[in-house]
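Structure data follow from model-v9.txt (compact mmCIF, C-alpha atoms and all ligand atoms):
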```
# COMPACT_ATOMS: atom_id res chain seq x y z
CA MET A 27 0.00 0.00 0.00
CA GLU A 28 1.40 3.40 -1.00
CA HIS A 29 0.29 6.66 0.62
CA CYS A 30 -0.18 10.24 -0.51
CA ASP A 31 -2.12 13.31 0.58
CA ILE A 32 -3.96 13.88 -2.70
CA ALA A 33 -4.63 11.55 -5.63
CA ILE A 34 -5.68 13.28 -8.84
CA VAL A 35 -7.29 11.18 -11.55
CA GLY A 36 -6.85 12.86 -14.96
CA ALA A 37 -4.06 15.26 -15.92
CA GLY A 38 -5.97 17.38 -18.43
CA MET A 39 -5.89 21.15 -18.00
CA VAL A 40 -7.87 21.01 -14.74
CA GLY A 41 -6.11 18.04 -13.12
CA ALA A 42 -2.60 19.23 -14.03
CA ALA A 43 -3.28 22.78 -12.73
CA THR A 44 -4.62 21.32 -9.47
CA ALA A 45 -1.52 19.13 -9.09
CA CYS A 46 0.87 22.09 -9.45
CA LEU A 47 -1.03 24.33 -7.05
CA LEU A 48 -1.46 21.67 -4.34
CA ALA A 49 2.17 20.56 -4.64
CA ALA A 50 3.18 24.20 -4.10
CA GLU A 51 1.26 24.00 -0.78
CA GLY A 52 3.62 21.18 0.25
CA LEU A 53 1.14 18.31 -0.13
CA SER A 54 2.24 14.99 -1.60
CA VAL A 55 0.37 14.47 -4.86
CA ARG A 56 -0.11 11.44 -7.12
CA VAL A 57 -1.46 11.93 -10.63
CA ILE A 58 -3.06 9.10 -12.59
CA GLU A 59 -3.46 9.66 -16.33
CA THR A 60 -4.38 7.27 -19.14
CA ARG A 61 -2.88 9.19 -22.06
CA LEU A 62 -0.23 11.89 -22.35
CA PRO A 63 -0.42 14.46 -25.18
CA GLU A 64 2.07 14.68 -28.02
CA PRO A 65 4.98 17.02 -27.14
CA TYR A 66 5.01 20.51 -28.69
CA ALA A 67 7.01 21.44 -31.79
CA PRO A 68 6.64 24.92 -33.36
CA GLU A 69 6.27 23.50 -36.87
CA GLN A 70 3.17 21.48 -35.90
CA PRO A 71 -0.07 22.71 -37.49
CA LEU A 72 -2.47 24.34 -35.01
CA ASP A 73 -4.72 21.86 -33.17
CA LEU A 74 -8.48 21.97 -33.68
CA ARG A 75 -9.23 21.99 -29.96
CA VAL A 76 -8.67 25.53 -28.74
CA CYS A 77 -10.06 27.48 -25.78
CA ALA A 78 -10.73 31.09 -25.00
CA ILE A 79 -8.79 31.48 -21.75
CA SER A 80 -10.08 34.34 -19.57
CA GLN A 81 -7.97 36.84 -17.64
CA ALA A 82 -8.81 35.06 -14.39
CA SER A 83 -7.60 31.75 -15.85
CA VAL A 84 -4.37 33.42 -16.99
CA GLY A 85 -3.87 34.44 -13.35
CA LEU A 86 -4.37 30.85 -12.21
CA LEU A 87 -1.97 29.48 -14.85
CA ALA A 88 0.61 32.06 -13.76
CA GLN A 89 0.13 31.05 -10.12
CA ALA A 90 0.60 27.42 -11.15
CA GLY A 91 3.89 28.44 -12.81
CA ALA A 92 2.85 27.48 -16.36
CA TRP A 93 2.10 30.83 -17.96
CA GLN A 94 5.67 31.74 -18.90
CA ALA A 95 6.17 28.46 -20.73
CA LEU A 96 2.87 28.95 -22.57
CA GLN A 97 4.00 32.34 -23.78
CA GLN A 98 7.08 30.66 -25.28
CA MET A 99 4.81 28.33 -27.27
CA ARG A 100 1.93 29.93 -29.17
CA LEU A 101 -1.21 31.82 -28.27
CA CYS A 102 -3.28 34.69 -29.58
CA PRO A 103 -4.53 37.57 -27.39
CA TYR A 104 -7.99 38.93 -28.14
CA ARG A 105 -8.95 42.46 -27.17
CA ARG A 106 -12.42 42.83 -28.66
CA LEU A 107 -15.54 40.72 -28.72
CA GLU A 108 -18.63 41.29 -30.83
CA THR A 109 -21.92 39.45 -31.03
CA TRP A 110 -24.99 40.11 -33.16
CA GLU A 111 -27.80 38.55 -35.12
CA LEU A 112 -29.05 41.27 -37.47
CA ASP A 113 -26.65 43.88 -38.81
CA GLY A 114 -26.90 47.10 -36.80
CA PHE A 115 -27.92 45.36 -33.51
CA ALA A 116 -24.54 44.28 -32.15
CA THR A 117 -23.10 44.18 -28.64
CA ARG A 118 -19.40 45.00 -28.50
CA PHE A 119 -16.91 44.55 -25.69
CA ASP A 120 -13.45 46.03 -25.57
CA ALA A 121 -10.56 45.35 -23.17
CA ALA A 122 -9.84 49.09 -23.06
CA THR A 123 -13.16 49.78 -21.26
CA LEU A 124 -11.86 47.73 -18.31
CA GLY A 125 -8.34 49.15 -18.62
CA LEU A 126 -7.03 45.68 -19.53
CA PRO A 127 -4.40 44.96 -22.21
CA GLN A 128 -6.59 42.08 -23.49
CA LEU A 129 -9.80 40.20 -22.65
CA GLY A 130 -8.04 36.84 -22.81
CA TYR A 131 -6.19 34.48 -25.12
CA ILE A 132 -7.11 31.78 -27.61
CA ILE A 133 -4.83 28.82 -26.89
CA GLU A 134 -4.68 25.21 -28.01
CA ASN A 135 -5.93 22.93 -25.20
CA ARG A 136 -2.94 20.61 -25.65
CA LEU A 137 -0.45 23.43 -25.08
CA VAL A 138 -2.12 24.52 -21.84
CA GLN A 139 -1.98 20.92 -20.68
CA LEU A 140 1.66 20.48 -21.77
CA ALA A 141 2.81 23.67 -20.02
CA LEU A 142 1.22 22.39 -16.81
CA LEU A 143 2.59 18.86 -17.20
CA ASN A 144 6.11 20.29 -17.72
CA ARG A 145 5.66 22.41 -14.60
CA MET A 146 4.61 19.30 -12.64
CA ASP A 147 8.11 17.89 -13.29
CA ASP A 148 9.57 20.68 -11.12
CA PHE A 149 7.86 19.31 -7.99
CA PRO A 150 9.55 16.36 -6.24
CA ASN A 151 6.28 15.87 -4.28
CA ILE A 152 4.30 15.00 -7.45
CA GLN A 153 4.49 11.43 -8.66
CA THR A 154 2.80 10.42 -11.90
CA HIS A 155 1.28 7.09 -12.90
CA THR A 156 0.92 6.98 -16.68
CA PRO A 157 -0.45 5.25 -18.61
CA ALA A 158 -2.64 4.07 -15.76
CA ALA A 159 -6.29 4.05 -14.79
CA VAL A 160 -8.28 3.40 -11.65
CA GLN A 161 -9.83 -0.07 -11.34
CA ARG A 162 -11.35 0.10 -7.89
CA LEU A 163 -12.23 2.78 -5.36
CA THR A 164 -13.04 2.19 -1.70
CA GLN A 165 -13.25 4.65 1.15
CA ASP A 166 -13.80 5.12 4.86
CA SER A 167 -14.17 8.33 6.84
CA GLU A 168 -10.40 9.02 6.86
CA HIS A 169 -9.09 7.79 3.50
CA ALA A 170 -9.94 6.76 -0.04
CA THR A 171 -8.05 3.86 -1.57
CA LEU A 172 -7.49 3.34 -5.29
CA LEU A 173 -6.41 0.19 -7.05
CA LEU A 174 -4.66 1.14 -10.28
CA ASP A 175 -4.39 -1.11 -13.32
CA ASP A 176 -0.58 -1.04 -12.95
CA GLY A 177 -1.13 -2.95 -9.67
CA THR A 178 -0.46 0.01 -7.35
CA GLU A 179 -2.71 0.33 -4.31
CA LEU A 180 -2.82 3.97 -3.32
CA ARG A 181 -4.28 5.46 -0.15
CA ALA A 182 -5.07 9.19 -0.16
CA ARG A 183 -6.82 11.73 2.02
CA TRP A 184 -8.62 13.16 -1.00
CA VAL A 185 -9.23 11.75 -4.47
CA LEU A 186 -9.87 14.51 -7.02
CA ALA A 187 -11.82 13.38 -10.08
CA CYS A 188 -10.47 15.50 -12.97
CA ASP A 189 -11.03 12.84 -15.62
CA GLY A 190 -13.40 14.81 -17.82
CA ALA A 191 -17.00 14.68 -18.95
CA GLU A 192 -17.35 10.88 -18.90
CA SER A 193 -15.52 10.61 -15.57
CA HIS A 194 -15.00 6.99 -14.55
CA THR A 195 -14.04 8.13 -11.05
CA ARG A 196 -17.38 9.92 -10.71
CA ARG A 197 -19.11 6.65 -11.58
CA LEU A 198 -16.94 4.64 -9.13
CA ALA A 199 -17.91 7.12 -6.41
CA GLY A 200 -21.58 6.56 -7.22
CA ILE A 201 -22.33 10.14 -8.24
CA GLY A 202 -25.02 10.53 -10.91
CA VAL A 203 -25.36 13.34 -13.48
CA SER A 204 -28.23 15.22 -15.05
CA ARG A 205 -27.69 15.35 -18.79
CA PHE A 206 -29.21 17.29 -21.67
CA GLU A 207 -28.29 16.90 -25.35
CA TYR A 208 -28.69 20.13 -27.30
CA ARG A 209 -30.38 19.90 -30.69
CA GLN A 210 -27.21 21.40 -32.15
CA HIS A 211 -23.79 19.91 -32.78
CA CYS A 212 -20.76 22.03 -33.41
CA MET A 213 -18.02 21.92 -35.95
CA LEU A 214 -14.55 23.35 -35.39
CA ILE A 215 -12.85 24.48 -38.58
CA ASN A 216 -9.27 25.71 -38.78
CA ILE A 217 -8.54 28.22 -41.53
CA ASP A 218 -5.65 30.12 -43.05
CA THR A 219 -6.69 33.75 -43.41
CA ASP A 220 -5.79 36.46 -45.91
CA PHE A 221 -5.95 38.97 -43.04
CA ALA A 222 -2.96 39.34 -40.71
CA GLN A 223 -3.45 38.06 -37.11
CA GLU A 224 -6.63 39.58 -35.68
CA ASP A 225 -7.45 40.64 -32.12
CA ILE A 226 -11.23 40.27 -32.30
CA THR A 227 -13.47 37.28 -31.69
CA TRP A 228 -17.00 37.51 -33.05
CA GLN A 229 -20.17 35.46 -33.14
CA GLN A 230 -23.27 35.85 -35.27
CA PHE A 231 -26.44 34.17 -34.06
CA THR A 232 -28.61 32.52 -36.71
CA PRO A 233 -31.81 30.51 -36.08
CA SER A 234 -29.97 27.24 -36.84
CA GLY A 235 -27.10 28.14 -34.46
CA PRO A 236 -24.23 30.60 -34.00
CA ARG A 237 -21.29 31.09 -36.40
CA ALA A 238 -18.15 32.23 -34.62
CA PHE A 239 -14.60 33.30 -35.39
CA LEU A 240 -11.69 32.96 -32.96
CA PRO A 241 -8.32 34.43 -33.94
CA LEU A 242 -5.30 32.13 -33.81
CA PRO A 243 -1.61 33.09 -33.90
CA GLY A 244 -0.33 34.25 -37.31
CA GLN A 245 -2.64 34.23 -40.30
CA HIS A 246 -4.89 31.58 -38.85
CA GLY A 247 -8.31 31.35 -37.29
CA SER A 248 -10.77 28.91 -35.78
CA LEU A 249 -14.38 28.89 -36.95
CA VAL A 250 -17.18 27.39 -34.91
CA TRP A 251 -20.31 26.37 -36.79
CA TYR A 252 -23.28 25.28 -34.67
CA ASP A 253 -26.10 23.55 -36.53
CA SER A 254 -28.40 20.52 -36.52
CA PRO A 255 -26.63 17.16 -36.12
CA ALA A 256 -27.62 16.18 -39.71
CA ARG A 257 -26.22 19.40 -41.16
CA ILE A 258 -22.96 19.06 -39.20
CA ARG A 259 -22.64 15.45 -40.41
CA ALA A 260 -23.07 16.61 -44.02
CA LEU A 261 -20.48 19.39 -43.55
CA SER A 262 -18.04 16.95 -41.97
CA ALA A 263 -18.23 14.68 -45.02
CA MET A 264 -17.13 17.51 -47.37
CA SER A 265 -13.63 18.01 -48.73
CA ASN A 266 -11.78 21.07 -47.39
CA GLU A 267 -12.37 22.82 -50.74
CA ALA A 268 -16.13 22.18 -50.70
CA LEU A 269 -16.32 23.24 -47.05
CA THR A 270 -14.44 26.48 -47.87
CA ALA A 271 -17.18 27.32 -50.40
CA GLU A 272 -19.94 26.42 -47.92
CA VAL A 273 -18.41 28.55 -45.18
CA ARG A 274 -18.13 31.46 -47.61
CA ARG A 275 -21.89 31.16 -48.25
CA HIS A 276 -22.91 30.96 -44.60
CA PHE A 277 -20.42 33.08 -42.61
CA PRO A 278 -20.35 36.89 -42.51
CA ALA A 279 -18.37 38.56 -45.33
CA ARG A 280 -16.06 40.19 -42.75
CA LEU A 281 -14.20 36.86 -42.60
CA GLY A 282 -12.38 37.92 -45.77
CA GLY A 283 -10.38 35.46 -47.87
CA PHE A 284 -9.55 32.11 -46.26
CA ALA A 285 -8.94 28.40 -46.88
CA VAL A 286 -10.04 25.50 -44.68
CA THR A 287 -7.13 23.44 -43.34
CA GLY A 288 -8.80 21.13 -40.81
CA LYS A 289 -12.14 20.22 -39.26
CA GLY A 290 -13.81 18.13 -36.57
CA SER A 291 -17.27 17.90 -35.04
CA PHE A 292 -18.61 17.54 -31.51
CA PRO A 293 -22.02 16.82 -29.97
CA LEU A 294 -23.08 19.40 -27.40
CA VAL A 295 -24.10 18.05 -24.03
CA ARG A 296 -24.85 19.83 -20.78
CA ARG A 297 -24.03 17.71 -17.74
CA HIS A 298 -24.16 18.53 -14.09
CA ALA A 299 -23.12 16.11 -11.36
CA ASN A 300 -25.82 15.56 -8.76
CA ASP A 301 -23.18 16.03 -6.06
CA TYR A 302 -19.73 17.59 -6.19
CA HIS A 303 -18.34 15.03 -3.77
CA ALA A 304 -19.04 11.63 -2.30
CA GLY A 305 -17.07 11.15 0.89
CA ARG A 306 -13.43 11.84 0.03
CA VAL A 307 -13.92 11.95 -3.75
CA VAL A 308 -14.30 15.51 -5.09
CA LEU A 309 -15.20 16.45 -8.69
CA LEU A 310 -13.53 19.32 -10.56
CA GLY A 311 -13.84 20.64 -14.13
CA ASP A 312 -15.73 18.68 -16.77
CA ALA A 313 -16.11 15.76 -14.36
CA ALA A 314 -18.50 18.03 -12.43
CA HIS A 315 -20.10 20.06 -15.26
CA THR A 316 -20.10 20.58 -19.00
CA ILE A 317 -21.66 23.59 -20.65
CA ASN A 318 -22.72 24.83 -24.08
CA PRO A 319 -19.44 26.29 -25.42
CA LEU A 320 -21.05 29.30 -27.12
CA ALA A 321 -19.42 31.75 -24.70
CA GLY A 322 -16.19 29.77 -24.22
CA GLN A 323 -16.63 29.24 -20.48
CA GLY A 324 -16.04 25.49 -19.93
CA VAL A 325 -12.47 25.26 -18.73
CA ASN A 326 -12.65 28.74 -17.22
CA LEU A 327 -15.29 27.38 -14.85
CA GLY A 328 -13.06 24.35 -14.28
CA PHE A 329 -10.19 26.64 -13.29
CA LYS A 330 -12.53 28.45 -10.89
CA ASP A 331 -13.22 25.04 -9.27
CA VAL A 332 -9.46 24.56 -8.96
CA ALA A 333 -8.92 28.01 -7.43
CA CYS A 334 -11.73 27.42 -4.92
CA TRP A 335 -10.51 23.95 -3.85
CA VAL A 336 -6.89 25.07 -3.48
CA GLU A 337 -7.92 28.14 -1.49
CA LEU A 338 -10.11 26.06 0.86
CA LEU A 339 -7.29 23.59 1.53
CA ALA A 340 -4.68 26.31 2.00
CA ARG A 341 -6.91 28.27 4.39
CA ALA A 342 -7.70 25.16 6.42
CA GLY A 343 -4.01 24.83 7.38
CA SER A 344 -3.43 21.62 9.34
CA ASP A 345 -7.15 20.77 8.95
CA TRP A 346 -6.82 20.40 5.15
CA HIS A 347 -8.16 16.83 5.33
CA GLU A 348 -11.35 17.73 7.24
CA MET A 349 -14.43 16.34 5.51
CA ALA A 350 -16.28 19.68 5.90
CA LEU A 351 -14.09 21.20 3.16
CA ALA A 352 -15.81 19.14 0.45
CA GLU A 353 -19.21 20.45 1.55
CA ARG A 354 -17.91 24.01 1.56
CA TYR A 355 -16.46 23.53 -1.94
CA ALA A 356 -19.77 22.21 -3.28
CA ARG A 357 -21.70 25.08 -1.69
CA ARG A 358 -19.43 27.64 -3.33
CA ARG A 359 -18.99 26.14 -6.80
CA ARG A 360 -22.34 24.54 -7.61
CA PRO A 361 -24.42 27.76 -7.76
CA ASP A 362 -21.77 29.58 -9.82
CA ASN A 363 -21.52 26.76 -12.38
CA LEU A 364 -25.32 26.42 -12.48
CA LEU A 365 -25.72 30.15 -13.10
CA MET A 366 -23.35 30.05 -16.08
CA GLN A 367 -24.99 26.87 -17.47
CA SER A 368 -28.41 28.50 -17.21
CA GLY A 369 -27.15 31.69 -18.84
CA MET A 370 -25.86 29.71 -21.82
CA ASP A 371 -29.16 27.83 -22.05
CA LEU A 372 -31.03 31.12 -22.09
CA PHE A 373 -28.94 32.29 -25.07
CA TYR A 374 -29.42 28.92 -26.75
CA GLY A 375 -33.19 28.96 -26.21
CA VAL A 376 -33.79 32.60 -27.12
CA PHE A 377 -31.68 32.58 -30.29
CA SER A 378 -32.47 29.11 -31.72
CA ASN A 379 -35.80 29.93 -33.37
CA GLU A 380 -37.39 32.14 -36.00
CA ILE A 381 -40.37 33.45 -34.04
CA GLY A 382 -40.84 37.02 -35.40
CA PRO A 383 -41.57 39.01 -32.22
CA LEU A 384 -38.90 37.10 -30.29
CA ARG A 385 -36.40 37.83 -33.06
CA PHE A 386 -37.18 41.55 -32.78
CA ALA A 387 -36.95 41.47 -28.98
CA ARG A 388 -33.62 39.63 -28.88
CA ASN A 389 -32.03 42.02 -31.39
CA LEU A 390 -33.34 44.97 -29.44
CA ALA A 391 -31.89 43.40 -26.29
CA LEU A 392 -28.46 43.02 -27.94
CA SER A 393 -28.58 46.61 -29.08
CA LEU A 394 -29.68 47.86 -25.63
CA ALA A 395 -27.03 45.69 -23.96
CA ASP A 396 -24.45 47.52 -26.04
CA LYS A 397 -25.50 50.79 -24.42
CA ALA A 398 -25.92 49.42 -20.89
CA GLY A 399 -22.77 51.11 -19.52
CA PRO A 400 -21.98 49.81 -16.00
CA LEU A 401 -24.25 46.75 -16.42
CA LYS A 402 -22.41 45.76 -19.58
CA GLU A 403 -19.09 46.25 -17.79
CA MET A 404 -20.29 44.04 -14.92
CA ALA A 405 -21.36 41.28 -17.34
CA LEU A 406 -17.95 41.43 -18.99
CA ARG A 407 -16.15 41.24 -15.67
CA TYR A 408 -18.23 38.19 -14.74
CA ALA A 409 -17.51 36.48 -18.08
CA LEU A 410 -13.78 37.11 -17.60
CA GLY A 411 -13.92 35.61 -14.11
CA LEU A 412 -12.93 38.96 -12.55
CA VAL A 413 -15.84 39.07 -10.06
C1 LIG B 1 -16.34 22.44 -29.08
C2 LIG B 1 -15.86 22.88 -27.73
C3 LIG B 1 -15.31 24.15 -27.59
C4 LIG B 1 -14.90 24.60 -26.33
N1 LIG B 1 -14.40 25.86 -26.19
C5 LIG B 1 -14.06 26.31 -24.96
C6 LIG B 1 -13.55 27.66 -24.77
O1 LIG B 1 -13.42 28.44 -25.71
N2 LIG B 1 -13.25 28.06 -23.50
C7 LIG B 1 -13.39 27.22 -22.43
O2 LIG B 1 -13.13 27.63 -21.30
N3 LIG B 1 -13.84 25.94 -22.59
C8 LIG B 1 -14.17 25.48 -23.81
N4 LIG B 1 -14.60 24.19 -23.96
C9 LIG B 1 -14.63 23.30 -22.79
C10 LIG B 1 -13.24 22.75 -22.46
O3 LIG B 1 -12.67 22.12 -23.59
C11 LIG B 1 -13.38 21.75 -21.31
O4 LIG B 1 -14.08 22.37 -20.26
C12 LIG B 1 -12.00 21.32 -20.79
O5 LIG B 1 -11.30 20.62 -21.78
C13 LIG B 1 -12.18 20.42 -19.57
O6 LIG B 1 -10.93 20.13 -19.01
P1 LIG B 1 -10.78 18.95 -17.94
O7 LIG B 1 -9.33 18.93 -17.58
O8 LIG B 1 -11.81 19.09 -16.89
O9 LIG B 1 -11.19 17.63 -18.74
P2 LIG B 1 -10.49 16.95 -20.00
O10 LIG B 1 -9.90 17.97 -20.90
O11 LIG B 1 -11.50 16.02 -20.59
O12 LIG B 1 -9.29 16.13 -19.36
C14 LIG B 1 -9.50 14.90 -18.70
C15 LIG B 1 -8.17 14.15 -18.57
O13 LIG B 1 -8.41 12.94 -17.87
C16 LIG B 1 -7.83 11.84 -18.56
N5 LIG B 1 -8.65 10.66 -18.25
C17 LIG B 1 -9.89 10.37 -18.73
N6 LIG B 1 -10.34 9.23 -18.18
C18 LIG B 1 -9.38 8.81 -17.32
C19 LIG B 1 -9.26 7.72 -16.44
N7 LIG B 1 -10.25 6.80 -16.32
N8 LIG B 1 -8.15 7.58 -15.70
C20 LIG B 1 -7.14 8.50 -15.80
N9 LIG B 1 -7.20 9.58 -16.62
C21 LIG B 1 -8.31 9.73 -17.36
C22 LIG B 1 -7.88 12.25 -20.03
O14 LIG B 1 -6.90 11.56 -20.79
C23 LIG B 1 -7.59 13.75 -19.94
O15 LIG B 1 -6.22 14.02 -19.94
C24 LIG B 1 -15.03 23.74 -25.20
C25 LIG B 1 -15.55 22.45 -25.35
C26 LIG B 1 -15.98 22.02 -26.61
C27 LIG B 1 -16.56 20.64 -26.76
```

Rewrite the structure from the file as structure tokens, please.
Amino acid sequence: MEHCDIAIVGAGMVGAATACLLAAEGLSVRVIETRLPEPYAPEQPLDLRVCAISQASVGLLAQAGAWQALQQMRLCPYRRLETWELDGFATRFDAATLGLPQLGYIIENRLVQLALLNRMDDFPNIQTHTPAAVQRLTQDSEHATLLLDDGTELRARWVLACDGAESHTRRLAGIGVSRFEYRQHCMLINIDTDFAQEDITWQQFTPSGPRAFLPLPGQHGSLVWYDSPARIRALSAMSNEALTAEVRRHFPARLGGFAVTGKGSFPLVRRHANDYHAGRVVLLGDAAHTINPLAGQGVNLGFKDVACWVELLARAGSDWHEMALAERYARRRRPDNLLMQSGMDLFYGVFSNEIGPLRFARNLALSLADKAGPLKEMALRYALGLV
């Protein structure tokens, strides 16, 4: 039987950030991960999976000691954000209104994960089991014990489930989820652009789903096309040339000249765990909640879970293993994640139809929101994780 303070299952962005921050508190950490990402090389084409990382998440990555390394790889700051349905009824946000140099960054998920995994190597109190997975979980009031498929039996004070949306650890702990499949899927499309690197991300709502542009480093961009599952399937079957023509027909002209270089599609599912912990097993990130990605909030919420859990443990001092901490964590994080999920569902519901009066009202609302002064500023601060 081996012992540690904290066992983290899953070393994605959330699990790896948690490992670094808890190791910095002096706790002994074990990380169990089934699959490590391919190492970074600058000549690699940009990955399809990218995230809008908020200012608050940048702060957390810096605290974890990974931000500097990320800046040496590749990322794209964005300073402006614009959303509209009908021309002339847009809401615009600008970093300058908050006195910030940027609203956030678009970064490949794999690079965030790699920067954190590299940082983990600096801590002698982090030990990694990879490739490995958990076979069995048992617990009593003091400890949780994991049996790994490499034969290790590991006893920890806390087991943190960071193993993503289909979390096996969540299932082993007996925690159920509520689940809702949106009637839209989404397609991520990487493009080479005629324009030089941009600093704006924009999204146009259409009744069949939003069309969005995220700037990537250099003359590159990421398009997000939300539509019915059948339509996304048809788009996925097209050649890059045919898809380029289809995007030209259905995206705003402001995209300019471009060529499709890669594509992939994803179903959209909202999940929320019925509990954020069961005994000594605590859920963080996608293991606890997934959200409609239309406002790019998923991993930013996950990082807020991480910040909350680390703060609770650090504040508890020598009582860091007290069971009450898990309850406190759930009380703080559940309502915040639920609020953001509900906000996204409101956007999804209000914009995914062609009902005339509703269409007028939602465009009026976007236009009014643009002039809402302090309210608009508050909404932006919330979206950036700054309140
Ligand atoms: C189309 C799309 C666009 C998105 N855009 C954004 C965005 O712009 N901004 C944003 O904030 N979020 C966005 N998200 C959400 C974001 O991608 C997720 O919230 C984030 O990846 C979750 O990170 P995680 O570490 O919790 O889980 P994951 O990234 O799923 O990581 C889980 C880790 O656990 C490992 N693992 C899995 N099972 C096991 C096991 N049994 N044992 C051990 N290890 C295991 C996996 O290999 C992986 O490394 C988007 C999501 C989608 C689908």

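With atom CA of Leu351 of chain A on one side and atom CA of Gly328 of chain A on the other, the separation reads 17.8 Å.
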
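For the residues A:Pro243, A:Pro233, A:Gly177, A:Gly190, ranking by smallest atom-to-atom distance to Pro68 of chain A using all atoms listed in the file places A:Pro243 first.
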
Could you give me, as a Markdown table, a per-residue list for chain A showing, wherever an atom lies at most 8 Å from an atom of ligand LIG 1 (chain B), the closest pair of atoms and their distance in Å to one decimal, using all atoms listed in the file and sorting by chain then residue number from low to high?
```
| residue | atom | partner | partner_atom | distance |
| --- | --- | --- | --- | --- |
| A:Val35 | CA | B:LIG1 | C20 | 5.0 |
| A:Gly36 | CA | B:LIG1 | O13 | 3.3 |
| A:Ala37 | CA | B:LIG1 | O15 | 4.7 |
| A:Gly38 | CA | B:LIG1 | O12 | 3.7 |
| A:Met39 | CA | B:LIG1 | O7 | 4.1 |
| A:Val40 | CA | B:LIG1 | O7 | 3.8 |
| A:Gly41 | CA | B:LIG1 | O7 | 5.6 |
| A:Ala42 | CA | B:LIG1 | O7 | 7.6 |
| A:Ile58 | CA | B:LIG1 | C20 | 5.2 |
| A:Glu59 | CA | B:LIG1 | N9 | 3.8 |
| A:Thr60 | CA | B:LIG1 | N9 | 4.4 |
| A:Arg61 | CA | B:LIG1 | O14 | 4.8 |
| A:Leu62 | CA | B:LIG1 | O15 | 6.8 |
| A:Pro63 | CA | B:LIG1 | O15 | 7.8 |
| A:Arg75 | CA | B:LIG1 | C3 | 6.9 |
| A:Val76 | CA | B:LIG1 | N1 | 6.3 |
| A:Cys77 | CA | B:LIG1 | O1 | 3.5 |
| A:Ala78 | CA | B:LIG1 | O1 | 3.8 |
| A:Ile79 | CA | B:LIG1 | O2 | 5.8 |
| A:Ser80 | CA | B:LIG1 | O2 | 7.6 |
| A:Ile132 | CA | B:LIG1 | O1 | 7.4 |
| A:Asn135 | CA | B:LIG1 | O5 | 6.8 |
| A:Pro157 | CA | B:LIG1 | C20 | 8.0 |
| A:Ala158 | CA | B:LIG1 | C20 | 6.3 |
| A:Ala159 | CA | B:LIG1 | N8 | 4.1 |
| A:Val160 | CA | B:LIG1 | N8 | 5.8 |
| A:Cys188 | CA | B:LIG1 | O8 | 5.5 |
| A:Asp189 | CA | B:LIG1 | O13 | 3.5 |
| A:Gly190 | CA | B:LIG1 | O11 | 3.6 |
| A:Ala191 | CA | B:LIG1 | O11 | 5.9 |
| A:Glu192 | CA | B:LIG1 | N6 | 7.2 |
| A:Ser193 | CA | B:LIG1 | N6 | 6.0 |
| A:His194 | CA | B:LIG1 | N7 | 5.1 |
| A:Thr195 | CA | B:LIG1 | N7 | 6.6 |
| A:Cys212 | CA | B:LIG1 | C1 | 6.2 |
| A:Met213 | CA | B:LIG1 | C1 | 7.1 |
| A:Leu214 | CA | B:LIG1 | C1 | 6.6 |
| A:Val250 | CA | B:LIG1 | C1 | 7.7 |
| A:Ser291 | CA | B:LIG1 | C1 | 7.5 |
| A:Phe292 | CA | B:LIG1 | C1 | 5.9 |
| A:Pro293 | CA | B:LIG1 | C27 | 7.4 |
| A:Leu294 | CA | B:LIG1 | C27 | 6.7 |
| A:Leu310 | CA | B:LIG1 | O8 | 6.6 |
| A:Gly311 | CA | B:LIG1 | O8 | 3.8 |
| A:Asp312 | CA | B:LIG1 | O8 | 3.9 |
| A:Ala313 | CA | B:LIG1 | O8 | 6.0 |
| A:Thr316 | CA | B:LIG1 | O4 | 6.4 |
| A:Ile317 | CA | B:LIG1 | C9 | 7.4 |
| A:Asn318 | CA | B:LIG1 | C25 | 7.7 |
| A:Pro319 | CA | B:LIG1 | C4 | 4.9 |
| A:Leu320 | CA | B:LIG1 | N1 | 7.5 |
| A:Ala321 | CA | B:LIG1 | O1 | 6.9 |
| A:Gly322 | CA | B:LIG1 | O1 | 3.4 |
| A:Gln323 | CA | B:LIG1 | O2 | 3.9 |
| A:Gly324 | CA | B:LIG1 | N3 | 3.5 |
| A:Val325 | CA | B:LIG1 | O2 | 3.6 |
| A:Asn326 | CA | B:LIG1 | O2 | 4.3 |
| A:Leu327 | CA | B:LIG1 | O2 | 6.8 |
| A:Gly328 | CA | B:LIG1 | O8 | 6.0 |
```

Atom CA of Gln223 of chain A and atom CA of Met264 of chain A are how many Å apart?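 According to the coordinates, atom CA of Gln223 of chain A and atom CA of Met264 of chain A are separated by 26.7 Å.
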
Can you measure atom CA of Val185 of chain A to atom CA of Ile133 of chain A for me? One decimal in Å is fine.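 These atoms are spaced 28.5 Å apart.
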
I'd like to know which of A:His246, A:His155, A:Lys289, A:His303 is closest to Asn266 of chain A, using all atoms listed in the file.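 Result for the nearest residue to Asn266 of chain A: A:Lys289.
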
Of the candidates A:Leu406, A:Ala170, A:Arg106, A:Glu111, which shows the shortest atom-to-atom distance to Pro236 of chain A, using all atoms listed in the file?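 Nearest candidate to Pro236 of chain A out of A:Leu406, A:Ala170, A:Arg106, A:Glu111: A:Glu111.
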
Listed atoms of segment 74-91 of chain A boxed axis-aligned with 5 Å per side, centre + edges as JSON:
```
{"center_x": -3.4, "center_y": 29.4, "center_z": -21.9, "size_x": 24.6, "size_y": 24.9, "size_z": 33.6}
```

Ranking A:Gly235, A:Gly52, A:Gly91, A:Gly125 by minimum distance to Glu403 of chain A and counting all atoms listed in the file, which one comes first? A:Gly125

Check the smallest atom-to-atom distance from each of A:Arg296, A:Thr171, A:Gln153, A:Ala314 to Glu207 of chain A using only C-alpha atoms, then report the winner.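 The shortest atom-to-atom distance to Glu207 of chain A comes from A:Arg296.
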